[in-house]
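Coordinates as given in start_15.cif (mmCIF, C-alpha atoms):
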```cif
data_work
loop_
_atom_site.label_atom_id
_atom_site.label_comp_id
_atom_site.auth_asym_id
_atom_site.auth_seq_id
_atom_site.Cartn_x
_atom_site.Cartn_y
_atom_site.Cartn_z
CA MET A 1 -25.16 -28.90 2.56
CA LYS A 2 -24.97 -25.39 1.14
CA ILE A 3 -22.97 -22.76 2.99
CA ILE A 4 -24.68 -19.36 2.94
CA ARG A 5 -22.24 -16.52 3.39
CA GLU A 6 -23.77 -13.40 4.89
CA ILE A 7 -22.88 -10.10 3.25
CA SER A 8 -20.78 -8.00 5.61
CA THR A 9 -22.05 -4.68 6.97
CA TYR A 10 -19.41 -2.85 4.95
CA TRP A 11 -20.66 -4.24 1.63
CA LYS A 12 -24.30 -3.70 2.58
CA ILE A 13 -23.59 -0.03 3.26
CA GLN A 14 -21.54 0.29 0.07
CA LEU A 15 -24.28 -1.18 -2.12
CA ILE A 16 -27.15 0.68 -0.46
CA GLY A 17 -25.27 4.01 -0.43
CA TRP A 18 -24.10 4.02 -4.03
CA PHE A 19 -27.34 2.56 -5.43
CA SER A 20 -29.30 5.23 -3.54
CA ALA A 21 -27.14 8.03 -4.95
CA SER A 22 -27.39 6.64 -8.48
CA PHE A 23 -31.17 6.15 -8.20
CA TYR A 24 -31.48 9.78 -7.09
CA TRP A 25 -29.57 11.02 -10.15
CA GLY A 26 -31.61 8.77 -12.45
CA PHE A 27 -34.89 9.91 -10.90
CA SER A 28 -33.86 13.56 -11.27
CA ALA A 29 -33.14 12.94 -14.95
CA PHE A 30 -36.48 11.14 -15.31
CA LEU A 31 -38.37 14.14 -13.95
CA THR A 32 -36.84 16.40 -16.60
CA GLY A 33 -38.73 14.46 -19.27
CA ASN A 34 -35.62 13.91 -21.37
CA PHE A 35 -34.92 10.36 -20.19
CA SER A 36 -33.67 7.20 -21.92
CA TRP A 37 -34.12 3.91 -20.10
CA LYS A 38 -31.06 2.39 -21.78
CA ILE A 39 -28.87 5.29 -20.75
CA GLY A 40 -30.45 5.40 -17.27
CA ILE A 41 -29.77 1.70 -16.57
CA ALA A 42 -26.21 1.90 -17.95
CA ASP A 43 -25.51 5.01 -15.85
CA LEU A 44 -26.95 3.33 -12.75
CA ILE A 45 -24.75 0.24 -13.01
CA LEU A 46 -21.57 2.09 -13.96
CA ASP A 47 -22.05 4.82 -11.32
CA VAL A 48 -22.30 2.15 -8.63
CA LEU A 49 -19.25 0.27 -9.95
CA ILE A 50 -17.12 3.40 -10.13
CA GLY A 51 -18.13 4.61 -6.67
CA ILE A 52 -17.56 1.25 -5.00
CA THR A 53 -14.28 0.61 -6.83
CA LEU A 54 -12.69 3.95 -5.91
CA THR A 55 -13.77 3.86 -2.27
CA HIS A 56 -12.85 0.18 -1.83
CA ILE A 57 -9.36 0.80 -3.23
CA TYR A 58 -8.99 3.66 -0.74
CA ARG A 59 -10.21 1.44 2.11
CA ASP A 60 -7.65 -1.28 1.32
CA PHE A 61 -4.88 1.32 1.04
CA ALA A 62 -5.86 2.97 4.35
CA ILE A 63 -5.91 -0.39 6.14
CA ARG A 64 -2.47 -1.37 4.78
CA LYS A 65 -1.03 1.97 5.87
CA GLY A 66 -2.67 1.78 9.29
CA TRP A 67 -4.60 5.04 8.87
CA ASN A 68 -7.49 3.70 10.97
CA LYS A 69 -5.20 3.83 14.01
CA LEU A 70 -4.07 7.45 13.52
CA ASN A 71 -5.37 10.32 15.62
CA LEU A 72 -7.36 13.15 14.02
CA LYS A 73 -4.37 15.52 13.81
CA LYS A 74 -2.33 13.06 11.72
CA LEU A 75 -5.30 11.74 9.75
CA ALA A 76 -6.85 15.07 8.63
CA PRO A 77 -4.19 16.03 6.01
CA LYS A 78 -4.20 12.50 4.61
CA ILE A 79 -7.98 12.66 4.19
CA ALA A 80 -7.75 16.06 2.47
CA VAL A 81 -5.21 14.79 -0.08
CA SER A 82 -7.19 11.57 -0.58
CA VAL A 83 -10.41 13.50 -1.25
CA LEU A 84 -8.65 15.57 -3.93
CA ILE A 85 -7.14 12.51 -5.65
CA LEU A 86 -10.37 10.50 -5.47
CA SER A 87 -12.39 13.48 -6.79
CA LEU A 88 -10.09 13.85 -9.79
CA LEU A 89 -10.30 10.12 -10.54
CA TYR A 90 -14.07 10.23 -10.06
CA MET A 91 -14.35 13.19 -12.43
CA PHE A 92 -12.33 11.47 -15.17
CA LEU A 93 -14.13 8.13 -14.85
CA ILE A 94 -17.67 9.57 -14.64
CA VAL A 95 -17.22 12.00 -17.56
CA SER A 96 -15.66 9.19 -19.63
CA LYS A 97 -18.56 6.94 -18.70
CA LEU A 98 -21.12 9.58 -19.64
CA TYR A 99 -19.47 10.11 -23.00
CA LEU A 100 -19.03 6.41 -23.90
CA VAL A 101 -22.54 5.38 -22.83
CA ARG A 102 -24.09 8.10 -24.96
CA LEU A 103 -21.72 7.44 -27.83
CA PHE A 104 -22.67 3.75 -28.03
CA ILE A 105 -26.40 4.15 -27.35
CA LEU A 106 -27.15 7.36 -29.27
CA ASP A 107 -24.64 6.38 -31.96
CA SER A 108 -24.62 9.88 -33.49
CA GLY A 109 -24.69 13.57 -32.73
CA MET A 110 -21.87 13.43 -30.16
CA THR A 111 -19.23 16.14 -29.96
CA SER A 112 -15.54 15.32 -29.42
CA PHE A 113 -14.50 13.89 -26.08
CA ILE A 114 -12.41 16.98 -25.22
CA THR A 115 -15.35 19.30 -25.82
CA PHE A 116 -17.68 17.02 -23.85
CA PHE A 117 -15.14 16.73 -21.01
CA LYS A 118 -14.71 20.49 -20.69
CA SER A 119 -18.48 21.01 -20.54
CA ARG A 120 -18.92 18.55 -17.65
CA GLU A 121 -15.64 18.49 -15.70
CA LEU A 122 -16.38 21.22 -13.12
CA GLN A 123 -19.87 19.98 -12.25
CA VAL A 124 -18.72 16.35 -11.91
CA PHE A 125 -15.61 17.36 -9.93
CA ILE A 126 -17.76 19.26 -7.39
CA THR A 127 -20.12 16.28 -7.12
CA GLY A 128 -17.16 13.92 -6.68
CA THR A 129 -15.59 16.11 -4.01
CA ARG A 130 -18.85 16.18 -2.07
CA LEU A 131 -19.36 12.42 -2.33
CA MET A 132 -15.79 11.45 -1.49
CA SER A 133 -15.68 13.86 1.45
CA ILE A 134 -18.87 12.37 2.88
CA TRP A 135 -17.68 8.79 2.32
CA LEU A 136 -14.21 9.26 3.82
CA LEU A 137 -15.49 11.16 6.85
CA ALA A 138 -18.22 8.59 7.49
CA TYR A 139 -15.75 5.71 7.09
CA HIS A 140 -13.16 7.11 9.49
CA LEU A 141 -15.74 8.35 12.01
CA PHE A 142 -17.17 4.84 12.09
CA HIS A 143 -13.75 3.32 12.78
CA TYR A 144 -12.92 6.02 15.33
CA SER A 145 -16.15 5.39 17.23
CA ARG A 146 -15.56 1.63 17.14
CA LEU A 147 -12.01 2.12 18.42
CA GLU A 148 -13.32 4.29 21.26
CA ILE A 149 -15.84 1.61 22.21
CA GLU A 150 -13.16 -1.11 22.14
CA THR A 151 -10.85 1.08 24.24
CA ALA A 152 -13.59 1.65 26.79
CA GLN A 153 -14.36 -2.07 26.88
CA LEU A 154 -10.70 -2.90 27.35
CA SER A 155 -10.29 -0.34 30.14
CA LEU A 156 -13.28 -1.81 31.96
CA ARG A 157 -11.95 -5.31 31.44
CA ILE A 158 -8.52 -4.35 32.79
CA LYS A 159 -10.11 -2.78 35.88
CA GLU A 160 -12.16 -5.93 36.37
CA VAL A 161 -9.16 -8.18 35.90
CA GLN A 162 -7.20 -6.24 38.52
CA LEU A 163 -9.82 -7.00 41.13
CA ASN A 164 -10.37 -10.51 39.82
CA ASN A 165 -6.65 -11.24 39.82
CA LEU A 166 -6.47 -9.97 43.37
CA SER A 167 -9.16 -12.46 44.40
CA ALA A 168 -7.87 -15.28 42.18
CA GLN A 169 -4.13 -14.87 42.75
CA LEU A 170 -3.80 -12.93 45.98
CA ASN A 171 -6.70 -14.71 47.65
CA PRO A 172 -7.22 -15.02 51.40
CA HIS A 173 -5.56 -18.44 51.35
CA PHE A 174 -2.47 -16.91 49.76
CA PHE A 175 -2.45 -14.09 52.31
CA PHE A 176 -2.91 -16.50 55.19
CA ASN A 177 0.08 -18.60 54.14
CA SER A 178 2.25 -15.58 53.37
CA LEU A 179 1.49 -13.85 56.66
CA ASN A 180 2.01 -17.12 58.53
CA ASN A 181 5.45 -17.48 56.94
CA ILE A 182 6.27 -13.87 57.73
CA LYS A 183 5.22 -14.39 61.37
CA PHE A 184 7.77 -17.18 61.83
CA LEU A 185 10.42 -15.33 59.84
CA VAL A 186 10.14 -12.31 62.16
CA LEU A 187 11.81 -14.34 64.94
CA GLU A 188 13.99 -16.69 62.92
CA ASN A 189 15.14 -14.41 60.12
CA PRO A 190 14.14 -10.74 60.43
CA ASN A 191 15.83 -9.81 57.14
CA SER A 192 13.79 -12.40 55.24
CA ALA A 193 10.66 -11.22 57.02
CA ARG A 194 11.25 -7.64 55.90
CA ARG A 195 11.89 -8.87 52.37
CA ALA A 196 8.63 -10.87 52.41
CA ILE A 197 6.66 -7.83 53.58
CA ASP A 198 8.22 -5.72 50.82
CA LEU A 199 7.33 -8.33 48.20
CA LEU A 200 3.77 -8.65 49.45
CA SER A 201 3.21 -4.88 49.48
CA GLU A 202 4.79 -4.51 46.02
CA LEU A 203 2.57 -7.25 44.66
CA LEU A 204 -0.50 -5.60 46.12
CA ARG A 205 0.50 -2.23 44.73
CA ASN A 206 0.93 -3.65 41.22
CA SER A 207 -2.36 -5.54 41.38
CA LEU A 208 -4.28 -2.44 42.43
CA ASN A 209 -2.29 0.03 40.38
CA ASN A 210 -4.50 2.79 39.00
CA ASN A 211 -2.48 2.93 35.80
CA VAL A 212 -4.53 0.66 33.57
CA GLY A 213 -2.77 1.29 30.27
CA ARG A 214 -3.30 -1.32 27.61
CA LEU A 215 0.25 -2.59 27.48
CA VAL A 216 3.26 -2.67 29.80
CA PRO A 217 6.96 -3.30 29.07
CA LEU A 218 7.82 -6.98 29.20
CA SER A 219 10.52 -6.22 31.76
CA ASP A 220 7.89 -4.81 34.18
CA GLU A 221 5.81 -7.95 33.87
CA ILE A 222 8.86 -10.15 34.46
CA ASN A 223 9.75 -8.14 37.58
CA LEU A 224 6.23 -8.64 38.89
CA VAL A 225 6.42 -12.38 38.21
CA ASN A 226 9.80 -12.58 39.96
CA ASP A 227 8.35 -10.87 43.05
CA TYR A 228 5.40 -13.24 43.07
CA LEU A 229 7.62 -16.31 42.67
CA GLU A 230 10.04 -15.15 45.35
CA LEU A 231 7.19 -14.82 47.80
CA GLU A 232 5.77 -18.21 46.82
CA LYS A 233 9.25 -19.69 47.15
CA MET A 234 9.21 -18.72 50.83
CA ARG A 235 5.98 -20.67 51.12
CA PHE A 236 6.85 -23.82 49.19
CA GLU A 237 10.62 -23.77 49.81
CA GLU A 238 12.25 -26.74 48.00
CA ARG A 239 8.93 -27.89 46.56
CA LEU A 240 9.00 -24.98 44.11
CA GLN A 241 11.79 -24.94 41.51
CA ILE A 242 11.89 -22.20 38.89
CA LYS A 243 13.55 -22.08 35.50
CA MET A 244 13.39 -19.02 33.23
CA GLU A 245 14.47 -18.94 29.59
CA ILE A 246 14.04 -15.40 28.29
CA ASN A 247 15.62 -14.32 25.02
CA ALA A 248 17.31 -10.92 25.33
CA GLU A 249 15.67 -9.80 22.06
CA VAL A 250 12.17 -9.90 23.55
CA SER A 251 12.77 -7.07 26.03
CA LYS A 252 11.71 -4.51 23.40
CA HIS A 253 8.14 -5.83 23.33
CA GLN A 254 5.10 -4.76 25.34
CA ILE A 255 2.40 -7.09 26.62
CA LEU A 256 -0.84 -7.07 28.58
CA PRO A 257 -0.36 -6.48 32.32
CA LEU A 258 -0.71 -9.57 34.52
CA SER A 259 -0.68 -11.91 31.51
CA ILE A 260 2.38 -13.99 32.46
CA GLN A 261 1.36 -13.59 36.11
CA SER A 262 -1.95 -15.32 35.34
CA LEU A 263 -0.17 -18.28 33.77
CA VAL A 264 2.29 -18.61 36.66
CA GLU A 265 -0.46 -18.40 39.28
CA ASN A 266 -2.39 -21.09 37.43
CA ALA A 267 0.73 -23.30 37.29
CA ILE A 268 1.26 -23.03 41.05
CA LYS A 269 -2.41 -23.48 41.94
CA HIS A 270 -3.05 -26.52 39.74
CA GLY A 271 0.45 -27.94 39.62
CA ILE A 272 2.89 -27.30 42.46
CA GLU A 273 0.29 -26.91 45.22
CA LYS A 274 -1.37 -30.27 44.45
CA ARG A 275 1.85 -32.34 44.35
CA LYS A 276 3.59 -33.53 47.49
CA ASN A 277 7.03 -33.11 45.96
CA GLY A 278 6.16 -29.97 44.02
CA GLY A 279 8.24 -29.56 40.88
CA PHE A 280 9.58 -27.19 38.27
CA ILE A 281 7.84 -24.21 36.72
CA ILE A 282 9.50 -23.39 33.41
CA ILE A 283 8.89 -19.92 31.95
CA LYS A 284 10.05 -19.43 28.38
CA ILE A 285 9.77 -16.24 26.31
CA GLU A 286 11.12 -16.02 22.76
CA GLU A 287 10.52 -14.65 19.28
CA GLU A 288 9.15 -17.19 16.83
CA SER A 289 8.69 -16.04 13.22
CA ASN A 290 6.37 -13.02 13.53
CA TRP A 291 5.17 -13.91 17.02
CA LEU A 292 6.17 -13.32 20.61
CA LYS A 293 5.84 -16.74 22.25
CA ILE A 294 5.24 -16.96 26.00
CA SER A 295 4.98 -20.41 27.59
CA VAL A 296 4.65 -21.62 31.17
CA GLN A 297 5.09 -25.33 31.91
CA ASN A 298 4.31 -27.08 35.19
CA PRO A 299 3.85 -30.64 36.47
CA GLY A 300 0.33 -32.02 36.65
CA LYS A 301 -2.60 -33.13 34.59
CA LEU A 302 -5.26 -31.08 32.89
CA SER A 303 -8.71 -32.11 34.08
CA ASN A 304 -11.93 -31.03 32.40
CA LYS A 305 -12.74 -29.09 35.56
CA ASN A 306 -9.74 -26.77 35.45
CA LYS A 307 -9.16 -26.71 31.67
CA ASP A 308 -11.50 -23.82 30.94
CA SER A 309 -12.30 -22.51 34.41
CA GLY A 310 -10.58 -19.90 36.48
CA ILE A 311 -11.16 -16.18 36.66
CA GLY A 312 -7.57 -15.34 35.78
CA LEU A 313 -7.35 -17.42 32.59
CA ASN A 314 -10.84 -16.50 31.38
CA ASN A 315 -10.09 -12.80 31.80
CA LEU A 316 -6.74 -13.25 30.10
CA LYS A 317 -8.40 -14.83 27.05
CA GLU A 318 -10.96 -12.03 26.83
CA ARG A 319 -8.31 -9.32 27.17
CA LEU A 320 -6.18 -10.93 24.45
CA LEU A 321 -9.23 -11.01 22.18
CA LEU A 322 -9.99 -7.33 22.75
CA GLN A 323 -6.42 -6.06 22.56
CA TYR A 324 -5.34 -7.98 19.46
CA ASN A 325 -8.68 -8.22 17.64
CA GLY A 326 -8.60 -12.01 17.61
CA ASN A 327 -5.03 -12.23 16.26
CA ALA A 328 -3.44 -13.42 19.52
CA LEU A 329 -3.52 -17.12 20.36
CA PHE A 330 -3.90 -18.81 23.72
CA GLU A 331 -3.62 -22.55 24.37
CA ILE A 332 -3.35 -24.78 27.42
CA LYS A 333 -2.73 -28.50 26.96
CA GLU A 334 -1.55 -31.61 28.75
CA ARG A 335 1.70 -33.20 27.56
CA LYS A 336 2.72 -36.84 27.56
CA ASP A 337 5.34 -36.31 30.29
CA GLU A 338 2.57 -35.42 32.80
CA THR A 339 3.13 -31.70 32.50
CA VAL A 340 0.76 -28.91 31.50
CA LEU A 341 1.88 -26.29 28.97
CA ALA A 342 0.15 -22.89 28.67
CA THR A 343 1.16 -20.82 25.64
CA ILE A 344 0.39 -17.30 24.45
CA LEU A 345 1.32 -16.17 20.93
CA LEU A 346 1.26 -12.42 20.38
CA PRO A 347 1.69 -10.76 16.96
CA PHE A 348 4.47 -8.19 16.79
CA LYS A 349 3.05 -4.68 17.29
#
```
In structure tokens, write the structure found in this file.
Amino acid sequence: MKIIREISTYWKIQLIGWFSASFYWGFSAFLTGNFSWKIGIADLILDVLIGITLTHIYRDFAIRKGWNKLNLKKLAPKIAVSVLILSLLYMFLIVSKLYLVRLFILDSGMTSFITFFKSRELQVFITGTRLMSIWLLAYHLFHYSRLEIETAQLSLRIKEVQLNNLSAQLNPHFFFNSLNNIKFLVLENPNSARRAIDLLSELLRNSLNNNVGRLVPLSDEINLVNDYLELEKMRFEERLQIKMEINAEVSKHQILPLSIQSLVENAIKHGIEKRKNGGFIIIKIEEESNWLKISVQNPGKLSNKNKDSGIGLNNLKERLLLQYNGNALFEIKERKDETVLATILLPFK
């Protein structure tokens, strides 16, 4: 079976753009009446190769340096310098090409390269400056517009996930149990009741927070998880045991809001809540090679019904895809010791 690889949009635009420009120059030469098909075809092929090579080298360099992520103020001087350098290279390569093609095809009547170069350098440099300016501006405007679209999508997704997490994690059943516990604590242990009310209000405030920035400090997310677990601990008492293993080195990282929260909620809902004796939830966060590894383990089995369902986990997977452009990994699997392990791997930013 043959595998047909589709040409990417980038290469389609490159080929169409440079072939169109070269065809225009060839057609203009044809209209003058002084036209050689051999020279015209050679110029066409070499013009396209030179244009694509220079711009593709710039593209790879810009990607490696992260220029596509810079704002306009920081990017503008880099574009200006790049246009100048690319125009000079374009001038040298095109004039050299013009000279060599005519030298080999005409085979006589050619002046020296220096004389030929001086007669063409200014015209070709101006053409190169115009072409490279258009190409670089179009390239970066395309990436800027795509980044704006992705940012808008992510902002909408985060707003959705806030409401969805409120319904999935802080659902009416959760409220009913929490308020019931608080009601009994008011008489038996007023201090614990006040603490429970504080935790519940803090959890609500974080879930409905208007600040929907892309990333939050890991410490903030851990504090939110601790509040959630403390409140759930009042509900499950000895049925819920918690173990956290967090490497001190990971505190410098930032992550998506409510990402660990989603995993912990899922562990309680499908693990602790369904077992008479409850069990341990183990939260582990560490650096592994070039990844930040976040794992949440809970007792239970992974059924086909809850493997891929759930508003919280589905939103988490979509947000990871948007934020990290497909470079983040998410996995949930059943282990042999009748536990379920959910893992997120985030590339270092």
Exercise for the section: Compile the contact shell of A:Ala42 as a ChimeraX atom specification: residues with an atom at most 12 Å away, counting all atoms listed in the file, same-chain residues fewer than 3 positions apart removed. Expected result: /A:22-23,26,36-39,45-49,94,97-102,104-105
Exercise for the section: Check what the PyMOL selection byres ((chain A and resi 121) around 12) selects in the file above and give those residues as a list in words. Expected result: Ser87, Leu88, Leu89, Tyr90, Met91, Phe92, Leu93, Ile94, Val95, Ser96, Leu98, Tyr99, Phe113, Ile114, Thr115, Phe116, Phe117, Lys118, Ser119, Arg120, Leu122, Gln123, Val124, Phe125, Ile126, Thr127, Gly128 and Thr129 of chain A
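Proximity to stretch 59-69 of chain A at 8 Å, evaluated using all atoms listed in the file and with sequence-adjacent residues fewer than 3 positions away removed, yields A:Thr55, A:His56, A:Leu75, A:His140, A:His143, A:Tyr144.
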Exercise for the section: Please identify all polymer residues within 10 Å of A:Glu245, counting all atoms listed in the file, omitting same-chain residues fewer than 5 positions from it, and present them as number ranges by chain. Expected result: A: 282-286, 295
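Atom CA of A:Leu154 is found 27.0 Å from atom CA of A:Leu200.
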